[in-house]
Amino acid sequence: MEDNGHASEPQAAPLGYSLIPVVNKLQDICAQSGIQLPIDLPQVAVVGSQSSGKSSVLEALVGRDFLPRGPDICTRRPLVLQLIQTKRAAAADGIEEEYGEFLHLPGKRFYDFLDIRREIQAETEREAGANRAISERPIRLKIYSPNVLDITLVDLPGITRVPVGDQPSDIEARIRTMILSYIRPRSCLILAVTPANLDLANSDALQIAGTVDPDGSRTIGVITKLDIMDRGTDARNLLLGKVIPLHNGYVGVVNRSQEDIMLRRSIKDALAAEEKYFRSHPVYINLADHCGVPQLAKKLNQILGQHIRENLPELKARISSQLVSLTKEYASYGEITESRSGQGALLLNILSKYAEAFSSLVEGKSEEMSTSELSGGARIHYIFQSIFVKSLEEVDPCGDLSDEYIRTAVQNARGPRSALFVPVVPFEVLVRRQIAQLLDPSLQCARFIYNELVKMTHRCRVSELQRFPILGRRVDEVTGNFLRENLEPAQSIIGHIIEMEMDYINTSHPKFIGGNKALEDAQRQTRSSRDALESDLFQASERTSGSRAIIVRPAANGFIRSAANGVINEQGARANTDTERNQATGHTSASVWGISSIFRGSDNRTSTREVQRSSSHSEPVYSVEHASTIIHLREPPAILRSSEPSEQEATEIAATKLLLTSYFDIVRKNIEDFVPKAVMHFLVNHTKRELHNVLIEKLYREDLFDEMLREPEEVAVKREHIRDTLQVLRQAFQTLDELPLEVEAVGKGYSFSTDSIGLPRNRGLPSSSFFATNI
């Protein structure tokens, strides 16, 4: 197993050495351009509480003192630290060349690491002030040395609870928010630093890492200050992951003490003492190969390289997607042109694209067709069929015409004459009144379509109109006026259609029911109603005590009520009475009860005097000559309404309703067909056909070029920003394409023959959740 472990070690080198510098280069490209790419690059963020030993760990990884130190908060700005391994070549004086470079000072090398510390302090104060305030703007530092492995770390401010100096009262919340902004993306590995003399359950670093990485798959634990734990205690269970398991395990380190720092003890000596400590300590001797700063550096290099490899396909896909999107957006802004010919060509192109986009939206051929809702021409069709036609179909032709209203109209049409047939005049008057009600919904339909076209003109605005807002306003103005002009003839022709239907009532229409058929159906309905009434009366009379005398009382509704609660028509009761009287005097009546003749005469009526003589033999008979009083007629009321309808009048009402319904249905179908055609011809299609010509006629004028093609300042700034972003993305994509093929190929077949903590397996180690073999 040892052979396999050592054999796999050389294979790990190309992975880290090939991928980590590529990501570093991507970070430099973004930082130098000052552009924040919409992608998250793989990196390692170092988190921990204040004075947890973060700075000591980072200095140990570099092998030099270069970070600010002090009793208060030292890291007040994120420090992006790129460790770059150089070839081991001695300088002329025999000293290996190590130096640092800051991104904000390009080309300047710092060979003295104390100068690097001073520059970090100075740059921090320039951005965050001199009194312990913090800033989210990072400092970028590269360390070139043959003694480091390629690693990129982000040193974040330590979590503090009590504000000091100029720090705000919510300093803890601000620092936590800053840390979360770095460690939340899944492309970021988390190096959680916790001192050994602190209960691991109370670790701020593990707590904040657990909020974004609950399964611990991208968190690496570092246990510092193992040498200052209380006597009789150790961190073995912590390092073995028996307290809080992490997928990548823990690494224990021993920091330099404050005394060592004051005595300027070198980090090289401190690393030697650290190794001696682990190999001589009875508790950690079996874990010595997995503890210490050198082992932490190897672990970070391997895990970061593998993490980059896993994120590489997604990274390339996202960069490619952003390139396509931004290229399209940049093309929409176009180039700046100042010549008259260039301006004319640009304006003509914009107007043509706008008219074409409007036509495509109406026809349903738009490239940006919505899949979540109806749009464009589909909305026009919906208004025609589901709103206009459906609303007309729900109209009752006689809904607002009562029987009394129709009867009064029929009687008024007769004048002083009695009716022989159903008059034509009231039918035409009533049907015109009903047809007129179709005008308002027809005009509303045209207005609805007009509103939809206005919305379409806003939806089809090409991107160039955003670049030239003055031109956009002019286009909206011209298009709006043109739509209003087209709405007027559409509404006018709709009014003419309704007027034509009202001006000529075509009773010869093949689908019209006709007078004879309507009268037959009306008589059938009246006869059916009468038969039902007679049946009810007969059943009521059967329930009486057998007496033939019927006591009647006039009712207000034109019917009379019998003593047996039977309801009969007043005319029927009067007819029975007359019949009985005539039978008593030897006369017969020409009318039969319950049947009304369309022809009515006065010859069959019994005179008043005869009725009086025959009504009672016990009463004395007076002649006219002996009358001592004058009969006065009652004057007609100012508003005269007809009495209760007769059977013939009921038939006339039913026939009129049938005629109205039949003819209204014909007109309704015509309106449902002609109104959409008129709107489409005069409003929709005319706008679609002539919009391009109208725009050119109104706007393509040389004296308006400069005004309409003037860009606002923010558009020019945005174009420049998109251009710079595109340049950065192209460099990033080109950088990823420069990866050797074997690095990408290793993604499928590469396997570490190591423990899950990233180091070669070692015999004799106790089995645990971290040291399990991962082959």
# chains A, B, ... in the order shown; residues from 1 in each chain; ligands from 1
call {"tool": "residues_around", "arguments": {"residues": "Ile223 in chain A", "least_positions_apart": "3", "cutoff": "6 Å", "atoms": "only C-alpha atoms", "output": "list in words"}}
result
Thr194, Pro195, Ala196 and Gly252 of chain A
call {"tool": "residues_around", "arguments": {"residues": "Ile383 in chain A", "least_positions_apart": "6", "cutoff": "10 Å", "atoms": "only C-alpha atoms", "output": "PyMOL selection string"}}
result
chain A and resi 377+389-390+445-446+448-449+452+676
call {"tool": "closest_residue", "arguments": {"among": "A:Val251, A:Ala297, A:Ile244, A:Leu430", "to": "Ile151 in chain A", "atoms": "only C-alpha atoms"}}
result
A:Ala297
call {"tool": "select_by_dssp", "arguments": {"residues": "range 130-287 of chain A", "states": "alpha helix (DSSP H)", "output": "CSV table (one decimal) with all heavy atoms, in the first residue's frame"}}
result
chain,number,residue,atom,x,y,z
A,171,ILE,N,-20.7,45.3,13.9
A,171,ILE,CA,-19.5,44.8,13.3
A,171,ILE,C,-19.5,43.3,13.0
A,171,ILE,O,-19.1,42.8,12.0
A,171,ILE,CB,-18.2,45.2,14.1
A,171,ILE,CG1,-17.0,44.8,13.4
A,171,ILE,CG2,-18.3,44.7,15.5
A,171,ILE,CD1,-16.7,45.4,12.1
A,172,GLU,N,-20.1,42.6,14.0
A,172,GLU,CA,-20.1,41.1,13.9
A,172,GLU,C,-21.0,40.7,12.7
A,172,GLU,O,-20.6,39.8,11.9
A,172,GLU,CB,-20.7,40.5,15.2
A,172,GLU,CG,-20.7,39.0,15.1
A,172,GLU,CD,-21.3,38.3,16.3
A,172,GLU,OE1,-21.7,39.1,17.3
A,172,GLU,OE2,-21.4,37.1,16.4
A,173,ALA,N,-22.2,41.3,12.6
A,173,ALA,CA,-23.1,41.0,11.5
A,173,ALA,C,-22.5,41.4,10.1
A,173,ALA,O,-22.6,40.6,9.2
A,173,ALA,CB,-24.4,41.7,11.7
A,174,ARG,N,-21.7,42.5,10.1
A,174,ARG,CA,-21.1,42.9,8.8
A,174,ARG,C,-20.0,41.9,8.4
A,174,ARG,O,-19.9,41.5,7.2
A,174,ARG,CB,-20.5,44.3,9.0
A,174,ARG,CG,-21.6,45.4,9.1
A,174,ARG,CD,-20.9,46.7,8.9
A,174,ARG,NE,-21.9,47.8,9.0
A,174,ARG,CZ,-21.7,49.1,8.8
A,174,ARG,NH1,-20.5,49.4,8.3
A,174,ARG,NH2,-22.6,50.0,8.9
A,175,ILE,N,-19.2,41.5,9.4
A,175,ILE,CA,-18.1,40.5,9.0
A,175,ILE,C,-18.7,39.2,8.6
A,175,ILE,O,-18.3,38.6,7.6
A,175,ILE,CB,-17.2,40.3,10.3
A,175,ILE,CG1,-16.4,41.6,10.5
A,175,ILE,CG2,-16.2,39.2,10.0
A,175,ILE,CD1,-15.5,41.6,11.7
A,176,ARG,N,-19.8,38.7,9.3
A,176,ARG,CA,-20.4,37.5,8.9
A,176,ARG,C,-21.0,37.6,7.5
A,176,ARG,O,-20.9,36.6,6.7
A,176,ARG,CB,-21.5,37.1,9.9
A,176,ARG,CG,-21.0,36.6,11.2
A,176,ARG,CD,-22.1,36.2,12.2
A,176,ARG,NE,-21.5,35.7,13.4
A,176,ARG,CZ,-21.2,34.4,13.6
A,176,ARG,NH1,-21.4,33.5,12.7
A,176,ARG,NH2,-20.7,34.0,14.8
A,177,THR,N,-21.6,38.7,7.2
A,177,THR,CA,-22.2,38.9,5.8
A,177,THR,C,-21.1,38.9,4.8
A,177,THR,O,-21.2,38.3,3.7
A,177,THR,CB,-22.9,40.2,5.8
A,177,THR,OG1,-24.0,40.2,6.7
A,177,THR,CG2,-23.5,40.5,4.4
A,178,MET,N,-19.9,39.5,5.1
A,178,MET,CA,-18.8,39.5,4.1
A,178,MET,C,-18.3,38.1,3.9
A,178,MET,O,-18.0,37.6,2.8
A,178,MET,CB,-17.7,40.4,4.7
A,178,MET,CG,-16.5,40.4,3.7
A,178,MET,SD,-15.0,41.2,4.5
A,178,MET,CE,-15.6,42.8,5.0
A,179,ILE,N,-18.1,37.3,5.0
A,179,ILE,CA,-17.6,35.9,4.9
A,179,ILE,C,-18.6,35.1,4.1
A,179,ILE,O,-18.2,34.3,3.3
A,179,ILE,CB,-17.4,35.4,6.4
A,179,ILE,CG1,-16.3,36.1,7.1
A,179,ILE,CG2,-17.1,33.9,6.3
A,179,ILE,CD1,-16.1,35.7,8.5
A,180,LEU,N,-19.9,35.2,4.4
A,180,LEU,CA,-20.9,34.4,3.7
A,180,LEU,C,-20.9,34.7,2.2
A,180,LEU,O,-21.1,33.8,1.4
A,180,LEU,CB,-22.3,34.6,4.3
A,180,LEU,CG,-22.5,34.0,5.6
A,180,LEU,CD1,-23.9,34.5,6.2
A,180,LEU,CD2,-22.5,32.5,5.6
A,181,SER,N,-20.6,36.0,1.8
A,181,SER,CA,-20.6,36.3,0.4
A,181,SER,C,-19.5,35.6,-0.4
A,181,SER,O,-19.6,35.3,-1.5
A,181,SER,CB,-20.4,37.8,0.2
A,181,SER,OG,-19.2,38.3,0.7
A,182,TYR,N,-18.4,35.2,0.4
A,182,TYR,CA,-17.3,34.5,-0.2
A,182,TYR,C,-17.5,33.0,-0.2
A,182,TYR,O,-17.2,32.3,-1.2
A,182,TYR,CB,-16.0,34.8,0.5
A,182,TYR,CG,-15.3,36.1,0.0
A,182,TYR,CD1,-15.6,37.3,0.6
A,182,TYR,CD2,-14.3,36.1,-1.0
A,182,TYR,CE1,-15.0,38.5,0.1
A,182,TYR,CE2,-13.7,37.3,-1.4
A,182,TYR,CZ,-14.1,38.5,-0.9
A,182,TYR,OH,-13.5,39.6,-1.3
A,183,ILE,N,-18.0,32.5,0.9
A,183,ILE,CA,-18.1,31.0,1.0
A,183,ILE,C,-19.4,30.4,0.6
A,183,ILE,O,-19.5,29.2,0.5
A,183,ILE,CB,-17.8,30.6,2.5
A,183,ILE,CG1,-19.0,31.1,3.4
A,183,ILE,CG2,-16.5,31.2,3.0
A,183,ILE,CD1,-18.8,30.6,4.8
A,204,ASP,N,-16.6,29.3,15.9
A,204,ASP,CA,-17.3,30.2,15.0
A,204,ASP,C,-17.1,29.8,13.5
A,204,ASP,O,-18.0,29.9,12.7
A,204,ASP,CB,-16.8,31.7,15.2
A,204,ASP,CG,-17.2,32.3,16.5
A,204,ASP,OD1,-18.4,31.9,17.0
A,204,ASP,OD2,-16.5,33.1,17.1
A,205,ALA,N,-15.9,29.3,13.3
A,205,ALA,CA,-15.5,29.0,11.9
A,205,ALA,C,-16.4,27.8,11.4
A,205,ALA,O,-16.9,27.8,10.3
A,205,ALA,CB,-14.0,28.6,11.8
A,206,LEU,N,-16.5,26.8,12.2
A,206,LEU,CA,-17.3,25.6,11.8
A,206,LEU,C,-18.8,26.0,11.8
A,206,LEU,O,-19.5,25.4,11.0
A,206,LEU,CB,-17.1,24.4,12.8
A,206,LEU,CG,-15.7,23.8,12.7
A,206,LEU,CD1,-15.5,22.7,13.8
A,206,LEU,CD2,-15.4,23.2,11.3
A,207,GLN,N,-19.2,26.8,12.7
A,207,GLN,CA,-20.6,27.2,12.7
A,207,GLN,C,-21.0,28.0,11.4
A,207,GLN,O,-22.0,27.7,10.8
A,207,GLN,CB,-20.9,28.1,13.9
A,207,GLN,CG,-22.3,28.5,14.1
A,207,GLN,CD,-22.7,29.8,13.4
A,207,GLN,OE1,-21.9,30.6,13.1
A,207,GLN,NE2,-24.0,29.9,13.0
A,208,ILE,N,-20.2,28.9,11.0
A,208,ILE,CA,-20.5,29.7,9.8
A,208,ILE,C,-20.3,28.9,8.5
A,208,ILE,O,-21.1,29.0,7.6
A,208,ILE,CB,-19.7,31.0,9.8
A,208,ILE,CG1,-20.4,32.0,8.8
A,208,ILE,CG2,-18.3,30.8,9.4
A,208,ILE,CD1,-19.8,33.4,8.9
A,209,ALA,N,-19.4,27.9,8.6
A,209,ALA,CA,-19.2,27.1,7.4
A,209,ALA,C,-20.4,26.1,7.3
A,209,ALA,O,-20.8,25.8,6.2
A,209,ALA,CB,-17.9,26.3,7.6
A,210,GLY,N,-20.9,25.7,8.4
A,210,GLY,CA,-22.0,24.7,8.4
A,210,GLY,C,-23.3,25.3,7.8
A,210,GLY,O,-24.2,24.6,7.3
A,211,THR,N,-23.4,26.7,7.9
A,211,THR,CA,-24.6,27.3,7.3
A,211,THR,C,-24.7,27.2,5.8
A,211,THR,O,-25.8,27.1,5.2
A,211,THR,CB,-24.7,28.8,7.7
A,211,THR,OG1,-23.5,29.4,7.2
A,211,THR,CG2,-24.7,28.9,9.2
A,212,VAL,N,-23.5,27.1,5.1
A,212,VAL,CA,-23.5,27.0,3.7
A,212,VAL,C,-23.0,25.7,3.2
A,212,VAL,O,-23.2,25.4,2.0
A,212,VAL,CB,-22.6,28.1,3.1
A,212,VAL,CG1,-23.2,29.5,3.4
A,212,VAL,CG2,-21.2,28.0,3.6
A,236,ARG,N,-7.0,14.5,19.9
A,236,ARG,CA,-7.0,13.3,19.0
A,236,ARG,C,-8.4,13.0,18.4
A,236,ARG,O,-8.5,12.8,17.2
A,236,ARG,CB,-6.5,12.1,19.8
A,236,ARG,CG,-6.4,10.8,18.9
A,236,ARG,CD,-6.0,9.6,19.7
A,236,ARG,NE,-6.0,8.4,18.9
A,236,ARG,CZ,-5.0,8.0,18.1
A,236,ARG,NH1,-3.9,8.8,18.1
A,236,ARG,NH2,-5.0,6.9,17.4
A,237,ASN,N,-9.4,13.1,19.2
A,237,ASN,CA,-10.7,12.8,18.7
A,237,ASN,C,-11.2,13.9,17.7
A,237,ASN,O,-11.9,13.6,16.8
A,237,ASN,CB,-11.7,12.7,19.9
A,237,ASN,CG,-11.6,11.4,20.7
A,237,ASN,OD1,-11.0,10.4,20.2
A,237,ASN,ND2,-12.0,11.5,22.0
A,238,LEU,N,-10.7,15.1,18.0
A,238,LEU,CA,-11.0,16.2,17.0
A,238,LEU,C,-10.4,15.9,15.7
A,238,LEU,O,-11.1,16.0,14.6
A,238,LEU,CB,-10.6,17.5,17.6
A,238,LEU,CG,-11.1,18.0,18.9
A,238,LEU,CD1,-10.5,19.4,19.3
A,238,LEU,CD2,-12.6,18.0,18.9
A,239,LEU,N,-9.1,15.5,15.7
A,239,LEU,CA,-8.4,15.3,14.4
A,239,LEU,C,-9.0,14.1,13.7
A,239,LEU,O,-8.9,14.0,12.5
A,239,LEU,CB,-6.9,15.1,14.7
A,239,LEU,CG,-6.2,16.3,15.3
A,239,LEU,CD1,-4.7,16.0,15.6
A,239,LEU,CD2,-6.2,17.5,14.2
A,258,GLN,N,3.8,33.9,20.9
A,258,GLN,CA,4.1,35.3,20.9
A,258,GLN,C,5.5,35.6,21.2
A,258,GLN,O,6.2,36.5,20.7
A,258,GLN,CB,3.1,36.1,21.8
A,258,GLN,CG,3.2,37.6,21.7
A,258,GLN,CD,2.8,38.1,20.4
A,258,GLN,OE1,1.9,37.5,19.7
A,258,GLN,NE2,3.4,39.2,19.9
A,259,GLU,N,6.1,34.8,22.1
A,259,GLU,CA,7.5,34.9,22.5
A,259,GLU,C,8.4,34.6,21.3
A,259,GLU,O,9.4,35.3,21.1
A,259,GLU,CB,7.8,33.9,23.7
A,259,GLU,CG,9.2,34.0,24.2
A,259,GLU,CD,9.5,33.1,25.3
A,259,GLU,OE1,8.6,32.3,25.6
A,259,GLU,OE2,10.7,33.1,25.8
A,260,ASP,N,8.0,33.5,20.5
A,260,ASP,CA,8.8,33.2,19.4
A,260,ASP,C,8.8,34.4,18.4
A,260,ASP,O,9.8,34.7,17.7
A,260,ASP,CB,8.3,32.0,18.7
A,260,ASP,CG,8.4,30.7,19.5
A,260,ASP,OD1,9.3,30.7,20.4
A,260,ASP,OD2,7.7,29.7,19.4
A,261,ILE,N,7.6,35.0,18.2
A,261,ILE,CA,7.5,36.1,17.3
A,261,ILE,C,8.4,37.3,17.7
A,261,ILE,O,9.1,37.9,17.0
A,261,ILE,CB,6.0,36.5,17.1
A,261,ILE,CG1,5.2,35.4,16.5
A,261,ILE,CG2,5.9,37.8,16.3
A,261,ILE,CD1,3.8,35.6,16.4
A,262,MET,N,8.3,37.6,19.0
A,262,MET,CA,9.1,38.7,19.6
A,262,MET,C,10.6,38.5,19.5
A,262,MET,O,11.4,39.4,19.3
A,262,MET,CB,8.7,39.0,21.0
A,262,MET,CG,7.2,39.5,21.2
A,262,MET,SD,6.7,39.7,22.9
A,262,MET,CE,7.9,41.0,23.3
A,267,ILE,N,10.4,31.0,10.7
A,267,ILE,CA,9.3,30.0,10.5
A,267,ILE,C,9.9,28.7,10.2
A,267,ILE,O,9.4,27.6,10.5
A,267,ILE,CB,8.4,30.5,9.3
A,267,ILE,CG1,7.7,31.8,9.8
A,267,ILE,CG2,7.5,29.4,8.9
A,267,ILE,CD1,6.8,32.3,8.7
A,268,LYS,N,11.1,28.7,9.6
A,268,LYS,CA,11.8,27.4,9.3
A,268,LYS,C,12.1,26.6,10.5
A,268,LYS,O,11.8,25.4,10.6
A,268,LYS,CB,13.1,27.6,8.5
A,268,LYS,CG,13.8,26.4,8.1
A,268,LYS,CD,15.0,26.7,7.2
A,268,LYS,CE,15.8,25.5,6.8
A,268,LYS,NZ,17.0,25.8,6.0
A,269,ASP,N,12.6,27.3,11.6
A,269,ASP,CA,12.8,26.7,12.8
A,269,ASP,C,11.5,26.3,13.5
A,269,ASP,O,11.4,25.2,14.1
A,269,ASP,CB,13.6,27.6,13.8
A,269,ASP,CG,15.0,27.9,13.3
A,269,ASP,OD1,15.5,27.1,12.5
A,269,ASP,OD2,15.5,29.0,13.6
A,270,ALA,N,10.5,27.1,13.3
A,270,ALA,CA,9.2,26.8,13.9
A,270,ALA,C,8.6,25.5,13.3
A,270,ALA,O,8.0,24.7,14.0
A,270,ALA,CB,8.2,27.9,13.7
A,271,LEU,N,8.8,25.3,12.0
A,271,LEU,CA,8.3,24.1,11.3
A,271,LEU,C,9.0,22.9,11.8
A,271,LEU,O,8.4,21.8,11.9
A,271,LEU,CB,8.4,24.3,9.8
A,271,LEU,CG,7.5,25.3,9.2
A,271,LEU,CD1,7.7,25.4,7.7
A,271,LEU,CD2,6.0,25.0,9.4
A,272,ALA,N,10.3,23.0,12.0
A,272,ALA,CA,11.1,21.9,12.5
A,272,ALA,C,10.6,21.5,13.9
A,272,ALA,O,10.5,20.3,14.2
A,272,ALA,CB,12.6,22.3,12.5
A,273,ALA,N,10.4,22.5,14.7
A,273,ALA,CA,9.9,22.3,16.1
A,273,ALA,C,8.5,21.6,16.1
A,273,ALA,O,8.2,20.8,16.9
A,273,ALA,CB,9.9,23.6,16.9
A,274,GLU,N,7.7,22.0,15.1
A,274,GLU,CA,6.4,21.5,15.0
A,274,GLU,C,6.4,20.0,14.6
A,274,GLU,O,5.7,19.2,15.2
A,274,GLU,CB,5.6,22.2,13.9
A,274,GLU,CG,4.2,21.7,13.6
A,274,GLU,CD,3.5,22.3,12.4
A,274,GLU,OE1,4.2,22.3,11.3
A,274,GLU,OE2,2.4,22.8,12.5
A,275,GLU,N,7.3,19.7,13.7
A,275,GLU,CA,7.4,18.2,13.3
A,275,GLU,C,7.9,17.4,14.5
A,275,GLU,O,7.4,16.3,14.7
A,275,GLU,CB,8.4,18.1,12.1
A,275,GLU,CG,8.5,16.7,11.6
A,275,GLU,CD,9.5,16.6,10.4
A,275,GLU,OE1,10.1,17.6,10.1
A,275,GLU,OE2,9.6,15.5,9.8
A,276,LYS,N,8.9,18.0,15.2
A,276,LYS,CA,9.4,17.3,16.4
A,276,LYS,C,8.3,17.0,17.4
A,276,LYS,O,8.2,16.0,18.0
A,276,LYS,CB,10.6,18.0,17.0
A,276,LYS,CG,11.2,17.4,18.2
A,276,LYS,CD,12.4,18.2,18.7
A,276,LYS,CE,13.0,17.6,19.9
A,276,LYS,NZ,14.1,18.4,20.5
A,277,TYR,N,7.5,18.0,17.6
A,277,TYR,CA,6.4,18.0,18.6
A,277,TYR,C,5.4,16.8,18.2
A,277,TYR,O,5.1,16.0,19.1
A,277,TYR,CB,5.6,19.3,18.6
A,277,TYR,CG,4.4,19.2,19.5
A,277,TYR,CD1,4.5,19.4,20.8
A,277,TYR,CD2,3.1,19.0,18.9
A,277,TYR,CE1,3.3,19.3,21.6
A,277,TYR,CE2,2.0,19.0,19.7
A,277,TYR,CZ,2.1,19.1,21.1
A,277,TYR,OH,0.9,19.1,21.8
A,278,PHE,N,5.0,16.7,17.0
A,278,PHE,CA,4.1,15.6,16.6
A,278,PHE,C,4.7,14.3,16.7
A,278,PHE,O,4.1,13.3,17.0
A,278,PHE,CB,3.5,15.9,15.2
A,278,PHE,CG,2.5,17.0,15.2
A,278,PHE,CD1,2.7,18.2,14.4
A,278,PHE,CD2,1.3,16.9,15.9
A,278,PHE,CE1,1.8,19.2,14.4
A,278,PHE,CE2,0.3,17.9,15.8
A,278,PHE,CZ,0.6,19.1,15.1
A,279,ARG,N,6.0,14.2,16.3
A,279,ARG,CA,6.6,12.8,16.2
A,279,ARG,C,7.0,12.4,17.6
A,279,ARG,O,7.3,11.2,17.8
A,279,ARG,CB,7.8,12.9,15.3
A,279,ARG,CG,7.4,13.1,13.8
A,279,ARG,CD,8.4,12.7,12.8
A,279,ARG,NE,8.0,12.9,11.5
A,279,ARG,CZ,7.2,12.0,10.8
A,279,ARG,NH1,6.9,10.9,11.4
A,279,ARG,NH2,6.8,12.3,9.6
A,280,SER,N,7.1,13.3,18.6
A,280,SER,CA,7.5,12.9,19.9
A,280,SER,C,6.3,12.8,20.9
A,280,SER,O,6.4,12.3,22.0
A,280,SER,CB,8.5,13.9,20.5
A,280,SER,OG,8.0,15.2,20.5
call {"tool": "residues_around", "arguments": {"residues": "range 472-479 of chain A", "least_positions_apart": "3", "cutoff": "8 Å", "atoms": "only C-alpha atoms", "output": "compact mmCIF listing (two decimals) with N, CA and C atoms, in the first residue's frame"}}
result
# COMPACT_ATOMS: atom_id res chain seq x y z
N THR A 457 -47.12 47.64 -30.01
CA THR A 457 -46.10 48.59 -30.44
C THR A 457 -45.03 48.80 -29.37
N HIS A 458 -45.41 48.62 -28.12
CA HIS A 458 -44.42 48.73 -27.04
C HIS A 458 -43.62 47.43 -26.88
N LEU A 465 -33.98 51.10 -30.22
CA LEU A 465 -34.78 52.22 -29.71
C LEU A 465 -34.44 52.52 -28.26
N GLN A 466 -33.91 51.55 -27.54
CA GLN A 466 -33.43 51.83 -26.20
C GLN A 466 -32.13 52.63 -26.25
N PHE A 468 -31.54 54.86 -28.57
CA PHE A 468 -31.90 56.22 -28.98
C PHE A 468 -33.28 56.56 -28.43
N PRO A 469 -33.37 57.04 -27.22
CA PRO A 469 -34.69 57.30 -26.60
C PRO A 469 -35.51 58.36 -27.32
N PHE A 482 -51.04 57.02 -36.00
CA PHE A 482 -51.48 56.19 -37.12
C PHE A 482 -52.56 55.21 -36.69
N LEU A 483 -52.42 54.64 -35.50
CA LEU A 483 -53.44 53.72 -34.99
C LEU A 483 -54.76 54.45 -34.75
N LEU A 691 -47.48 50.64 -41.91
CA LEU A 691 -46.70 51.23 -40.83
C LEU A 691 -45.30 51.61 -41.29
N VAL A 694 -45.38 54.80 -43.33
CA VAL A 694 -45.71 55.97 -42.52
C VAL A 694 -44.51 56.40 -41.68
N LEU A 695 -43.80 55.44 -41.12
CA LEU A 695 -42.61 55.77 -40.31
C LEU A 695 -41.55 56.47 -41.16
N LYS A 698 -42.72 60.07 -42.04
CA LYS A 698 -42.74 61.02 -40.93
C LYS A 698 -41.36 61.24 -40.31
N LEU A 699 -40.50 60.22 -40.32
CA LEU A 699 -39.27 60.30 -39.53
C LEU A 699 -37.99 60.31 -40.36
call {"tool": "closest_residue", "arguments": {"among": "A:Glu363, A:Glu428, A:Glu702, A:Glu635", "to": "Lys657 in chain A", "atoms": "only C-alpha atoms"}}
result
A:Glu428
call {"tool": "atom_distance", "arguments": {"atom1": "CA of Arg88 in chain A", "atom2": "CA of Asn147 in chain A"}}
result
8.3 Å
call {"tool": "residues_around", "arguments": {"residues": "Ser352 in chain A", "least_positions_apart": "5", "cutoff": "10 Å", "atoms": "only C-alpha atoms", "output": "VMD selection string"}}
result
chain A and resid 346 to 347 357 to 358 691 to 693 695 to 696
call {"tool": "write_last_selection", "arguments": {"atoms": "N, CA and C atoms", "output": "PDB file, in the first residue's frame"}}
result
ATOM      1  N   LEU A 346     -28.596  53.701 -40.818  1.00  0.00           N
ATOM      2  CA  LEU A 346     -28.929  53.205 -39.485  1.00  0.00           C
ATOM      3  C   LEU A 346     -30.398  53.457 -39.156  1.00  0.00           C
ATOM      4  N   LEU A 347     -30.881  54.671 -39.439  1.00  0.00           N
ATOM      5  CA  LEU A 347     -32.278  54.999 -39.153  1.00  0.00           C
ATOM      6  C   LEU A 347     -33.228  54.144 -39.974  1.00  0.00           C
ATOM      7  N   ALA A 357     -40.942  43.749 -36.863  1.00  0.00           N
ATOM      8  CA  ALA A 357     -41.229  43.135 -35.567  1.00  0.00           C
ATOM      9  C   ALA A 357     -42.713  43.245 -35.234  1.00  0.00           C
ATOM     10  N   PHE A 358     -43.334  44.386 -35.553  1.00  0.00           N
ATOM     11  CA  PHE A 358     -44.768  44.554 -35.309  1.00  0.00           C
ATOM     12  C   PHE A 358     -45.570  43.557 -36.145  1.00  0.00           C
ATOM     13  N   LEU A 691     -47.478  50.639 -41.913  1.00  0.00           N
ATOM     14  CA  LEU A 691     -46.700  51.226 -40.827  1.00  0.00           C
ATOM     15  C   LEU A 691     -45.299  51.610 -41.287  1.00  0.00           C
ATOM     16  N   HIS A 692     -44.649  50.752 -42.041  1.00  0.00           N
ATOM     17  CA  HIS A 692     -43.296  51.028 -42.504  1.00  0.00           C
ATOM     18  C   HIS A 692     -43.258  52.306 -43.346  1.00  0.00           C
ATOM     19  N   ASN A 693     -44.201  52.444 -44.267  1.00  0.00           N
ATOM     20  CA  ASN A 693     -44.228  53.634 -45.119  1.00  0.00           C
ATOM     21  C   ASN A 693     -44.501  54.898 -44.316  1.00  0.00           C
ATOM     22  N   LEU A 695     -43.795  55.440 -41.116  1.00  0.00           N
ATOM     23  CA  LEU A 695     -42.613  55.765 -40.311  1.00  0.00           C
ATOM     24  C   LEU A 695     -41.551  56.469 -41.159  1.00  0.00           C
ATOM     25  N   ILE A 696     -41.326  55.962 -42.360  1.00  0.00           N
ATOM     26  CA  ILE A 696     -40.323  56.585 -43.228  1.00  0.00           C
ATOM     27  C   ILE A 696     -40.775  57.991 -43.640  1.00  0.00           C
TER      28      ILE A 696
END
call {"tool": "closest_residue", "arguments": {"among": "A:Ser56, A:Ser49, A:Asn670, A:Asn197", "to": "Arg231 in chain A", "atoms": "only C-alpha atoms"}}
result
A:Asn197
call {"tool": "closest_residue", "arguments": {"among": "A:Ser52, A:Asn255, A:Pro42, A:Asp396", "to": "Glu314 in chain A", "atoms": "only C-alpha atoms"}}
result
A:Pro42
call {"tool": "residues_around", "arguments": {"residues": "Leu660 in chain A", "least_positions_apart": "5", "cutoff": "10 Å", "atoms": "only C-alpha atoms", "output": "VMD selection string"}}
result
chain A and resid 397 to 398 427 to 428 430 to 432 434 512 to 513 654 to 655 665
